[in-house]
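Asks: First, the structure itself, so that you have it in front of you.
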Amino acid sequence: MGYPAFWVRDAAMMLGADLISAAELKGWITLIARTIRSADWNVRDGVVVPAFFVPDHINFDGSACFYPGSYESGDKQGGPPWGKFPPLDDNFYFIDMVYQHWRLTQDRAFLRAPIQTASGEMPLIDLCDRVFRAIRTSPVADLVITSEIDNAKDWGFCDAVTKSGSLLFPSILRSIAGWHLSKLFTALGDEDRAKLSHLQSVSTSFGIAMTFLAPPHRTDNSAASEAWLHSATEVGNQPDVWGSAFAVASRVIQAEDAARVSRALVRAFRDKTAVRDGLVRHILTTDTKSNAGWQQSVSPVGEYQNGGYWSTPSGWYIAAMHLTDPAAARDMARDLVRTLRSWLRDDGTTRAWEWSNPDTGRAANELYAASVALPWITLKNAGLLTLLRDD
């Protein structure tokens with residue numbers, strides 16, 4: 001196995017299309033809840049796990065690793081280059097898990113019932129509320145934030161990258177989680193908390209469009225009709241390919257804002273500055289901030305999260321392009337299917353590499369579930385699975 005542990009975000013990426021049973025998902029929620037602390041944990045000087053943070057991954061013995069980079073569950077985890085605080089996405093993925101369980105079961109009793117945490121028991125719905133509010137946000141736009149000194153990772157698929165200021169990707173996740181939380185509170189008849197969560201979701205969505213949307217650095221007339229969402233407002237203030245696609249596909253940005261981003265994604269697909277063979281880079285090949293890579297990354301350009309090509313976000317990208325150019329979406333979907341088929345093993349399953357780079361011949365970590373599950377789930381929920389036919 002490339003990753004011998006239970007990763008919260010990777011598990012969440014298999015949800016939403018009934019590939020995972022409600023009983024299995026309930027076990028995931030119970031496992032994660034047992035690792036959540038109700039008080040700050042000062043791991044060591046300069047490394048702090050705030051109260052109600054969800055771990056990055058959980059070892060097979062049940063011990064929690066709150067930071068990327070190792071399987072350490074004690075006081076040696078975290079710190080440079082992995083951050084003072086844990087990544088800022090897993091809290092929102094935990095809420096998504098609880099929402100997906102509710103979607104499958106309509107089980108109000110589970111939401112109300114006490115669940116075991118690392119610090120005692122509390123109702124699951126209250127734990128979700130505390131988990132949501134544990135992530136620090138800007139006072140005006142309700143966007144997830146971090147400082148360069150704290151170096152909290154915006155999300156796990158950029159945990160080798162440093163960003164600071166307001167952060168795009170976890171803000172998208174926050175908007176979605178707020179909407180999900182409002183649905184859970186409504187199911188329980190808690191209209192006050194439902195309204196608050198809904199307002200927080202809307203506020204974050206509005207802040208995303210106001211803060212991160214930027215036209216391409218071009219002088220031709222088409223620039224006004226296109227836009228990228230940038231990844232952060234300080235370090236990492238660069239067009240975010242994955243985040244732009246995700247924001248459109250998840251409808252966190254809508255109307256003309258979504259159309260402008262969709263058109264930018266189409267151009268990058270046609271020009272091969274973001275997509276190769278149906279796989280997607282995090283960062284444009286034309287980005288000038290750091291020679292087609294992130295401004296600060298522990299990985300060299302062309303490797304891993306700093307220019308490797310992934311199928312994990314391909315469904316988002318295809319769905320986002322379909323908004324303005326269905327032909328481009330169909331072309332990319334066919335490219336993706338052909339790539340997955342080119343990776344077939346003797347047993348008939350695709351190798352489903354985590355990432356690869358056709359320019360270097362590098363490929364890493366086969367049988368990576370998110371490489372297949374997330375694109376399929378995204379396109380199924382968007383009503384676009386027929387695009388995957390390779391006739």
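Note on naming: chains are A, B, ... as they come in the structure tokens, residues start from 1 per chain, ligands start from 1 in the order shown.
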Enumerate the residues of segment 86-293 of chain A with a DSSP assignment of alpha helix (DSSP H), computed from the backbone, and present them as a PyMOL selection string.
Replies: chain A and resi 90-105+108-112+124-133+168-187+191-212+241-249+255-270
Asks: Any chance you could tabulate, as JSON lines, the residues of segment 107-156 of chain A at most 12 Å from segment 61-75 of chain A with each one's nearest atom pair and distance in Å to one decimal, using only C-alpha atoms, in chain and rising number order?
Replies:
```
{"residue": "A:Ala118", "atom": "CA", "partner": "A:Ala64", "partner_atom": "CA", "distance": 10.4}
{"residue": "A:Asn151", "atom": "CA", "partner": "A:Tyr67", "partner_atom": "CA", "distance": 11.7}
{"residue": "A:Ala152", "atom": "CA", "partner": "A:Tyr67", "partner_atom": "CA", "distance": 9.5}
{"residue": "A:Lys153", "atom": "CA", "partner": "A:Tyr67", "partner_atom": "CA", "distance": 9.1}
{"residue": "A:Asp154", "atom": "CA", "partner": "A:Pro68", "partner_atom": "CA", "distance": 12.0}
{"residue": "A:Trp155", "atom": "CA", "partner": "A:Pro68", "partner_atom": "CA", "distance": 10.3}
{"residue": "A:Gly156", "atom": "CA", "partner": "A:Pro68", "partner_atom": "CA", "distance": 7.7}
```
Asks: Would you output that residue set with C-alpha atoms, as an mmCIF file, in the first residue's frame?
Replies:
```cif
data_model
loop_
_atom_site.group_PDB
_atom_site.id
_atom_site.type_symbol
_atom_site.label_atom_id
_atom_site.label_comp_id
_atom_site.auth_asym_id
_atom_site.auth_seq_id
_atom_site.Cartn_x
_atom_site.Cartn_y
_atom_site.Cartn_z
ATOM 1 C CA ALA A 118 -11.296 11.636 22.846
ATOM 2 C CA ASN A 151 1.713 27.539 7.597
ATOM 3 C CA ALA A 152 -1.460 25.503 8.140
ATOM 4 C CA LYS A 153 -2.052 23.549 4.938
ATOM 5 C CA ASP A 154 -5.136 24.690 3.077
ATOM 6 C CA TRP A 155 -6.041 21.094 2.246
ATOM 7 C CA GLY A 156 -4.422 17.707 1.991
#
```
Asks: Leaving out segment 93-107 of chain A and any residue of its chain fewer than 2 positions from it, which residues lie within 10 Å of it when counting only C-alpha atoms, given as a ChimeraX atom specification?
Replies: /A:8-18,20-26,28-29,32-33,54-55,88-91,109-112,124-125,127-129,131-132,170,173-174,176-184,187
Asks: Which one is closest to Ile283 of chain A: A:Ile135, A:Val241, A:Ile58, A:Ala247? Count only C-alpha atoms.
Replies: A:Val241
Asks: Residues of segment 204-367 of chain A in strand (DSSP E) according to DSSP, as a list in words?
Replies: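 Restricting segment 204-367 of chain A to strand (DSSP E) produces Leu213, Ala214, Trp228, Leu229, Val275, Arg276, Leu279, Val280, Trp355, Ser356, Asn357, Arg362, Ala363 and Ala364 of chain A.
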Asks: Would you save the residues of that selection, restricted to C-alpha atoms, as a compact mmCIF listing (two decimals), in the first residue's frame?
Replies:
```txt
# COMPACT_ATOMS: atom_id res chain seq x y z
CA LEU A 213 -11.87 35.80 -8.90
CA ALA A 214 -9.31 37.32 -11.26
CA TRP A 228 -9.53 32.06 -12.66
CA LEU A 229 -10.05 31.65 -8.95
CA VAL A 275 -4.77 18.99 -18.74
CA ARG A 276 -2.95 16.12 -20.41
CA LEU A 279 -5.45 14.30 -16.15
CA VAL A 280 -5.15 17.64 -14.37
CA TRP A 355 -0.41 11.06 -10.10
CA SER A 356 1.81 10.78 -13.13
CA ASN A 357 3.77 12.97 -15.52
CA ARG A 362 6.97 9.20 -13.45
CA ALA A 363 3.92 7.60 -11.84
CA ALA A 364 3.24 6.97 -8.15
```
Asks: Using only C-alpha atoms, which residues sit within 6 Å of segment 308-325 of chain A once same-chain residues fewer than 3 positions away are excluded, as a list in words?
Replies: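 In the requested format, the answer is Ala245, Phe246, Val248, Ala249, Ser262, Val266, Leu279, Val280, Arg281, Gly302, Glu303, Tyr304, Gln305, Ala328, Ala329, Trp355, Ser356, Asn357, Ala370, Ser371, Pro375, Thr378 and Leu379 of chain A.
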Asks: Please, what distance in Å, to one decimal, runs between atom CA of Leu336 of chain A and atom CA of Glu366 of chain A?
Replies: 15.9 Å
Asks: Extract, using only C-alpha atoms, all DNA, RNA and protein residues at most 10 Å from Pro216 of chain A, discarding same-chain residues fewer than 5 positions from it, and format them as a ChimeraX atom specification.
Replies: /A:222-229,239,264
Asks: Go ahead and compute the interatomic distance for atom CA of Asp287 of chain A and atom CA of Gln238 of chain A, in Å to one decimal.
Replies: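 Separating atom CA of Asp287 of chain A from atom CA of Gln238 of chain A is a distance of 7.6 Å.
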Asks: Which of these, A:Val144, A:Arg251, A:Pro86, A:Cys158, has the shortest distance to Ala382 of chain A once you count only C-alpha atoms?
Replies: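 Among the listed residues, the smallest separation from Ala382 of chain A belongs to A:Arg251.
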Asks: Any idea what's packed within 7 Å of Thr273 of chain A, counting only C-alpha atoms, ignoring anything in its chain fewer than 4 positions away? Could you give it as a VMD selection string?
Replies: chain A and resid 268 to 269 284 to 286
Asks: Using only C-alpha atoms, find the one residue out of A:Gly120, A:Pro50, A:Pro326, A:Gly83 that sits nearest to Leu387 of chain A.
Replies: A:Pro326
